[in-house]
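Note sheet for the following structure.
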Amino acid sequence: MNEIQLCNLALSLIGNKEITSLERPTIPEEKVCKLWFDITLKEALIKSSPNFARRRTYIPLDNTEPVFGYVYRYKKPNNCLKIIGIGEAQDLNNDYIVEGQYIETNYINENKIAIRYIYNETDCTKFSTGFINYFITLLAKNICYQLNKDAGVVGYLEQLADKRLLEANTEENQESKIKVISQSRYKQAMRTGTASIQQIK
């Protein structure tokens with residue numbers, strides 16, 4: 001799957017003719033697709049947070065402290081579209097805020113921080129089927145009115161995009177395992193033998 005094929009799938013949803021080039025657009029369909037492709041792709045990645053665009057990395061502590069509210073700040077990677085979380089996975093750290101290109105927090109670990117984020121993935125061959133269905137619907141919605149001036153179709157595509165976003169998220173979530181942490185003192189005592197039943201009650 002490439003950019004031209006994705007655009008043609010979007011155009012098929014609104015009944016317009018196929019395109020052959022985005023590099024040298026000549027017909028209206030090519031010009032509008034070129035105008036909207038990149039921004040729509042970023043929108044789709046941010047909203048759906050697909051597994052193929054998820055990344056983990058460490059980023060260093062920034063030399064400048066936040067003005068107030070937090071103690072530390074870290075600069076987001078240049079290819080980062082959205083921060084999913086900070087700290088090691090087991091920390092479940094939510095003590096942070098994203099402002100501009102920086103993450104501000106009170107959390108530090110050896111002058112660096114672990115982050116999970118959505119990467120600006122532009123390699124169409126890596127897109128999942130669910131994401132493709134969502135993206136082409138979103139693209140069709142964004143280009144429809146400029147090409148066809150049909151608000152009714154735009155409204156239908158908005159509803160279809162919401163439906164396909166839900167389907168894409170369901171497909172992605174089936175690949176992710178949820179870590180369940182037991183808080184039962186009874187089960188802990190049975191495993192370790194460190195407490196009696198009377199102590200647990």
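Naming scheme: A, B, ... for chains in displayed order of the structure tokens; residues 1 onward per chain; ligands 1 onward as shown.
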Subject >> Exercise: Tyr96 of chain A partners within 12 Å, only C-alpha atoms, chain neighbours under 2 positions left out, as a PyMOL selection string >> reply: chain A and resi 66+69-74+83-87+92-94+98-99+102-108+113+115
Preceding selection exported with N, CA and C atoms as a PDB file, in the first residue's frame:
```
ATOM      1  N   PRO A  66      11.308  24.150  34.724  1.00  0.00           N
ATOM      2  CA  PRO A  66      10.036  24.840  34.498  1.00  0.00           C
ATOM      3  C   PRO A  66       9.940  26.083  35.378  1.00  0.00           C
ATOM      4  N   GLY A  69       5.545  24.940  39.305  1.00  0.00           N
ATOM      5  CA  GLY A  69       4.643  23.792  39.244  1.00  0.00           C
ATOM      6  C   GLY A  69       5.330  22.444  39.217  1.00  0.00           C
ATOM      7  N   TYR A  70       6.449  22.356  38.485  1.00  0.00           N
ATOM      8  CA  TYR A  70       7.206  21.115  38.400  1.00  0.00           C
ATOM      9  C   TYR A  70       8.692  21.412  38.567  1.00  0.00           C
ATOM     10  N   VAL A  71       9.459  20.383  38.850  1.00  0.00           N
ATOM     11  CA  VAL A  71      10.885  20.546  39.122  1.00  0.00           C
ATOM     12  C   VAL A  71      11.745  20.283  37.881  1.00  0.00           C
ATOM     13  N   TYR A  72      11.335  19.325  37.040  1.00  0.00           N
ATOM     14  CA  TYR A  72      12.160  18.908  35.911  1.00  0.00           C
ATOM     15  C   TYR A  72      11.387  19.047  34.601  1.00  0.00           C
ATOM     16  N   ARG A  73      12.143  19.157  33.509  1.00  0.00           N
ATOM     17  CA  ARG A  73      11.505  19.109  32.190  1.00  0.00           C
ATOM     18  C   ARG A  73      12.410  18.374  31.208  1.00  0.00           C
ATOM     19  N   TYR A  74      11.763  17.789  30.208  1.00  0.00           N
ATOM     20  CA  TYR A  74      12.450  16.970  29.206  1.00  0.00           C
ATOM     21  C   TYR A  74      11.888  17.346  27.835  1.00  0.00           C
ATOM     22  N   ILE A  83       2.461  11.954  23.621  1.00  0.00           N
ATOM     23  CA  ILE A  83       3.020  11.201  24.740  1.00  0.00           C
ATOM     24  C   ILE A  83       1.934  10.282  25.307  1.00  0.00           C
ATOM     25  N   ILE A  84       2.265   8.993  25.447  1.00  0.00           N
ATOM     26  CA  ILE A  84       1.321   8.029  26.033  1.00  0.00           C
ATOM     27  C   ILE A  84       1.536   7.931  27.534  1.00  0.00           C
ATOM     28  N   GLY A  85       2.801   7.962  27.973  1.00  0.00           N
ATOM     29  CA  GLY A  85       3.083   7.859  29.399  1.00  0.00           C
ATOM     30  C   GLY A  85       4.560   8.045  29.655  1.00  0.00           C
ATOM     31  N   ILE A  86       4.909   8.289  30.926  1.00  0.00           N
ATOM     32  CA  ILE A  86       6.315   8.457  31.294  1.00  0.00           C
ATOM     33  C   ILE A  86       6.665   7.478  32.405  1.00  0.00           C
ATOM     34  N   GLY A  87       7.966   7.279  32.594  1.00  0.00           N
ATOM     35  CA  GLY A  87       8.439   6.355  33.618  1.00  0.00           C
ATOM     36  C   GLY A  87       8.375   4.919  33.144  1.00  0.00           C
ATOM     37  N   LEU A  92       3.619   3.331  36.631  1.00  0.00           N
ATOM     38  CA  LEU A  92       2.307   3.947  36.421  1.00  0.00           C
ATOM     39  C   LEU A  92       2.341   5.419  36.810  1.00  0.00           C
ATOM     40  N   ASN A  93       3.336   6.144  36.327  1.00  0.00           N
ATOM     41  CA  ASN A  93       3.554   7.532  36.713  1.00  0.00           C
ATOM     42  C   ASN A  93       2.707   8.470  35.871  1.00  0.00           C
ATOM     43  N   ASN A  94       1.807   9.209  36.522  1.00  0.00           N
ATOM     44  CA  ASN A  94       0.955  10.168  35.827  1.00  0.00           C
ATOM     45  C   ASN A  94       1.242  11.600  36.253  1.00  0.00           C
ATOM     46  N   VAL A  98       2.326  17.954  29.505  1.00  0.00           N
ATOM     47  CA  VAL A  98       3.013  18.267  28.249  1.00  0.00           C
ATOM     48  C   VAL A  98       2.679  19.709  27.877  1.00  0.00           C
ATOM     49  N   GLU A  99       3.712  20.525  27.728  1.00  0.00           N
ATOM     50  CA  GLU A  99       3.538  21.915  27.324  1.00  0.00           C
ATOM     51  C   GLU A  99       4.502  22.219  26.182  1.00  0.00           C
ATOM     52  N   TYR A 102       7.857  20.212  25.440  1.00  0.00           N
ATOM     53  CA  TYR A 102       8.470  19.718  26.668  1.00  0.00           C
ATOM     54  C   TYR A 102       7.494  18.922  27.539  1.00  0.00           C
ATOM     55  N   ILE A 103       8.052  17.954  28.270  1.00  0.00           N
ATOM     56  CA  ILE A 103       7.333  17.227  29.310  1.00  0.00           C
ATOM     57  C   ILE A 103       7.823  17.777  30.644  1.00  0.00           C
ATOM     58  N   GLU A 104       6.913  18.253  31.476  1.00  0.00           N
ATOM     59  CA  GLU A 104       7.277  18.775  32.794  1.00  0.00           C
ATOM     60  C   GLU A 104       6.757  17.813  33.860  1.00  0.00           C
ATOM     61  N   THR A 105       7.617  17.519  34.849  1.00  0.00           N
ATOM     62  CA  THR A 105       7.275  16.509  35.843  1.00  0.00           C
ATOM     63  C   THR A 105       8.144  16.671  37.089  1.00  0.00           C
ATOM     64  N   ASN A 106       7.794  15.964  38.149  1.00  0.00           N
ATOM     65  CA  ASN A 106       8.629  15.888  39.343  1.00  0.00           C
ATOM     66  C   ASN A 106       9.412  14.580  39.378  1.00  0.00           C
ATOM     67  N   TYR A 107       9.302  13.806  38.301  1.00  0.00           N
ATOM     68  CA  TYR A 107       9.907  12.474  38.235  1.00  0.00           C
ATOM     69  C   TYR A 107      11.281  12.549  37.578  1.00  0.00           C
ATOM     70  N   ILE A 108      12.255  11.869  38.163  1.00  0.00           N
ATOM     71  CA  ILE A 108      13.592  11.808  37.577  1.00  0.00           C
ATOM     72  C   ILE A 108      14.204  10.442  37.874  1.00  0.00           C
ATOM     73  N   ILE A 113      14.596  10.086  31.532  1.00  0.00           N
ATOM     74  CA  ILE A 113      13.247   9.611  31.788  1.00  0.00           C
ATOM     75  C   ILE A 113      12.817   8.681  30.659  1.00  0.00           C
ATOM     76  N   ILE A 115       9.962   7.239  28.250  1.00  0.00           N
ATOM     77  CA  ILE A 115       8.671   7.679  27.734  1.00  0.00           C
ATOM     78  C   ILE A 115       8.120   6.663  26.745  1.00  0.00           C
TER      79      ILE A 115
END
```
Original post:
Any idea what's packed within 6 Å of segment 136-151 of chain A, counting only C-alpha atoms, ignoring anything in its chain fewer than 6 positions away? Could you give it as a PyMOL selection string?
Top reply: chain A and resi 10+157+161
Original post:
Residues of segment 23-196 of chain A in alpha helix (DSSP H) according to DSSP, as JSON, numbers by chain?
Top reply: {"A": [28, 29, 30, 31, 32, 33, 34, 35, 36, 37, 38, 39, 40, 41, 42, 43, 44, 45, 46, 47, 48, 129, 130, 131, 132, 133, 134, 135, 136, 137, 138, 139, 140, 141, 142, 143, 144, 145, 146, 147, 148, 151, 152, 153, 154, 155, 156, 157, 158, 159, 160, 161, 162, 163, 164, 165, 166, 167, 168, 169, 170, 171, 172, 173, 185, 186, 187, 188, 189, 190, 191, 192]}
**OP:** Could you give me, as a ChimeraX atom specification, each residue of segment 9-147 of chain A that DSSP assigns to strand (DSSP E or B) when run on this structure's backbone?
**Re:** /A:54-61,72-75,80-86,93,96-99,102-105,109,112-119
Convert the current residue selection to file output with N, CA and C atoms, as a JSON list (two decimals), in the first residue's frame.
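Writing done, so here's selection_30.json:
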```
[["chain", "number", "residue", "atom", "x", "y", "z"],
["A", 54, "ARG", "N", 3.76, 3.00, 17.94],
["A", 54, "ARG", "CA", 4.17, 3.17, 19.34],
["A", 54, "ARG", "C", 5.67, 2.95, 19.48],
["A", 55, "ARG", "N", 6.28, 3.80, 20.27],
["A", 55, "ARG", "CA", 7.72, 3.71, 20.51],
["A", 55, "ARG", "C", 8.01, 3.91, 21.99],
["A", 56, "ARG", "N", 9.19, 3.41, 22.43],
["A", 56, "ARG", "CA", 9.70, 3.62, 23.79],
["A", 56, "ARG", "C", 11.13, 4.13, 23.66],
["A", 57, "THR", "N", 11.49, 5.07, 24.51],
["A", 57, "THR", "CA", 12.86, 5.57, 24.50],
["A", 57, "THR", "C", 13.15, 6.27, 25.81],
["A", 58, "TYR", "N", 14.40, 6.62, 26.01],
["A", 58, "TYR", "CA", 14.82, 7.44, 27.13],
["A", 58, "TYR", "C", 15.22, 8.81, 26.59],
["A", 59, "ILE", "N", 14.83, 9.86, 27.29],
["A", 59, "ILE", "CA", 15.24, 11.21, 26.89],
["A", 59, "ILE", "C", 15.93, 11.89, 28.07],
["A", 60, "PRO", "N", 16.96, 12.69, 27.78],
["A", 60, "PRO", "CA", 17.75, 13.30, 28.87],
["A", 60, "PRO", "C", 17.03, 14.48, 29.52],
["A", 61, "LEU", "N", 17.44, 14.78, 30.74],
["A", 61, "LEU", "CA", 16.93, 15.93, 31.48],
["A", 61, "LEU", "C", 17.36, 17.21, 30.78],
["A", 72, "TYR", "N", 11.33, 19.32, 37.04],
["A", 72, "TYR", "CA", 12.16, 18.91, 35.91],
["A", 72, "TYR", "C", 11.39, 19.05, 34.60],
["A", 73, "ARG", "N", 12.14, 19.16, 33.51],
["A", 73, "ARG", "CA", 11.50, 19.11, 32.19],
["A", 73, "ARG", "C", 12.41, 18.37, 31.21],
["A", 74, "TYR", "N", 11.76, 17.79, 30.21],
["A", 74, "TYR", "CA", 12.45, 16.97, 29.21],
["A", 74, "TYR", "C", 11.89, 17.35, 27.84],
["A", 75, "LYS", "N", 12.75, 17.44, 26.83],
["A", 75, "LYS", "CA", 12.29, 17.78, 25.49],
["A", 75, "LYS", "C", 11.83, 16.54, 24.75],
["A", 80, "CYS", "N", 7.88, 12.86, 17.72],
["A", 80, "CYS", "CA", 6.81, 12.49, 18.65],
["A", 80, "CYS", "C", 5.53, 13.26, 18.35],
["A", 81, "LEU", "N", 4.43, 12.54, 18.15],
["A", 81, "LEU", "CA", 3.13, 13.18, 17.94],
["A", 81, "LEU", "C", 2.33, 13.28, 19.22],
["A", 82, "LYS", "N", 2.49, 12.30, 20.11],
["A", 82, "LYS", "CA", 1.70, 12.28, 21.35],
["A", 82, "LYS", "C", 2.42, 11.45, 22.40],
["A", 83, "ILE", "N", 2.46, 11.95, 23.62],
["A", 83, "ILE", "CA", 3.02, 11.20, 24.74],
["A", 83, "ILE", "C", 1.93, 10.28, 25.31],
["A", 84, "ILE", "N", 2.26, 8.99, 25.45],
["A", 84, "ILE", "CA", 1.32, 8.03, 26.03],
["A", 84, "ILE", "C", 1.54, 7.93, 27.53],
["A", 85, "GLY", "N", 2.80, 7.96, 27.97],
["A", 85, "GLY", "CA", 3.08, 7.86, 29.40],
["A", 85, "GLY", "C", 4.56, 8.05, 29.66],
["A", 86, "ILE", "N", 4.91, 8.29, 30.93],
["A", 86, "ILE", "CA", 6.32, 8.46, 31.29],
["A", 86, "ILE", "C", 6.67, 7.48, 32.40],
["A", 93, "ASN", "N", 3.34, 6.14, 36.33],
["A", 93, "ASN", "CA", 3.55, 7.53, 36.71],
["A", 93, "ASN", "C", 2.71, 8.47, 35.87],
["A", 96, "TYR", "N", 2.80, 14.34, 35.42],
["A", 96, "TYR", "CA", 3.48, 15.12, 34.38],
["A", 96, "TYR", "C", 2.46, 15.92, 33.57],
["A", 97, "ILE", "N", 2.97, 16.88, 32.82],
["A", 97, "ILE", "CA", 2.14, 17.65, 31.90],
["A", 97, "ILE", "C", 2.98, 17.93, 30.65],
["A", 98, "VAL", "N", 2.33, 17.95, 29.50],
["A", 98, "VAL", "CA", 3.01, 18.27, 28.25],
["A", 98, "VAL", "C", 2.68, 19.71, 27.88],
["A", 99, "GLU", "N", 3.71, 20.53, 27.73],
["A", 99, "GLU", "CA", 3.54, 21.91, 27.32],
["A", 99, "GLU", "C", 4.50, 22.22, 26.18],
["A", 102, "TYR", "N", 7.86, 20.21, 25.44],
["A", 102, "TYR", "CA", 8.47, 19.72, 26.67],
["A", 102, "TYR", "C", 7.49, 18.92, 27.54],
["A", 103, "ILE", "N", 8.05, 17.95, 28.27],
["A", 103, "ILE", "CA", 7.33, 17.23, 29.31],
["A", 103, "ILE", "C", 7.82, 17.78, 30.64],
["A", 104, "GLU", "N", 6.91, 18.25, 31.48],
["A", 104, "GLU", "CA", 7.28, 18.77, 32.79],
["A", 104, "GLU", "C", 6.76, 17.81, 33.86],
["A", 105, "THR", "N", 7.62, 17.52, 34.85],
["A", 105, "THR", "CA", 7.28, 16.51, 35.84],
["A", 105, "THR", "C", 8.14, 16.67, 37.09],
["A", 109, "ASN", "N", 15.05, 9.96, 36.95],
["A", 109, "ASN", "CA", 15.74, 8.69, 37.14],
["A", 109, "ASN", "C", 17.10, 8.80, 36.47],
["A", 112, "LYS", "N", 17.51, 11.12, 33.38],
["A", 112, "LYS", "CA", 16.82, 10.74, 32.16],
["A", 112, "LYS", "C", 15.43, 10.24, 32.54],
["A", 113, "ILE", "N", 14.60, 10.09, 31.53],
["A", 113, "ILE", "CA", 13.25, 9.61, 31.79],
["A", 113, "ILE", "C", 12.82, 8.68, 30.66],
["A", 114, "ALA", "N", 12.11, 7.62, 31.02],
["A", 114, "ALA", "CA", 11.54, 6.71, 30.02],
["A", 114, "ALA", "C", 10.20, 7.26, 29.55],
["A", 115, "ILE", "N", 9.96, 7.24, 28.25],
["A", 115, "ILE", "CA", 8.67, 7.68, 27.73],
["A", 115, "ILE", "C", 8.12, 6.66, 26.75],
["A", 116, "ARG", "N", 6.80, 6.63, 26.65],
["A", 116, "ARG", "CA", 6.10, 5.87, 25.63],
["A", 116, "ARG", "C", 5.33, 6.90, 24.80],
["A", 117, "TYR", "N", 5.46, 6.80, 23.47],
["A", 117, "TYR", "CA", 4.87, 7.85, 22.64],
["A", 117, "TYR", "C", 4.42, 7.34, 21.28],
["A", 118, "ILE", "N", 3.66, 8.18, 20.59],
["A", 118, "ILE", "CA", 3.23, 7.88, 19.23],
["A", 118, "ILE", "C", 4.19, 8.55, 18.25],
["A", 119, "TYR", "N", 4.80, 7.73, 17.43],
["A", 119, "TYR", "CA", 5.79, 8.15, 16.45],
["A", 119, "TYR", "C", 5.11, 8.59, 15.15]]
```
Subject >> Nearest residue to Thr170 of chain A from the set A:Gly130, A:Gly100, A:Asp123, A:Thr26 (distances using only C-alpha atoms) >> reply: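 Comparing A:Gly130, A:Gly100, A:Asp123, A:Thr26 against Thr170 of chain A, the winner is A:Gly130.
Of the residues listed (A:Gln174, A:Asn169, A:Asn63, A:Asn111), A:Asn169 shows the shortest atom-to-atom separation from Asn133 of chain A; distances use only C-alpha atoms.
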Original post:
In Å to one decimal, how far is atom CA of Met1 of chain A from atom CA of Cys124 of chain A?
Top reply: 6.1 Å
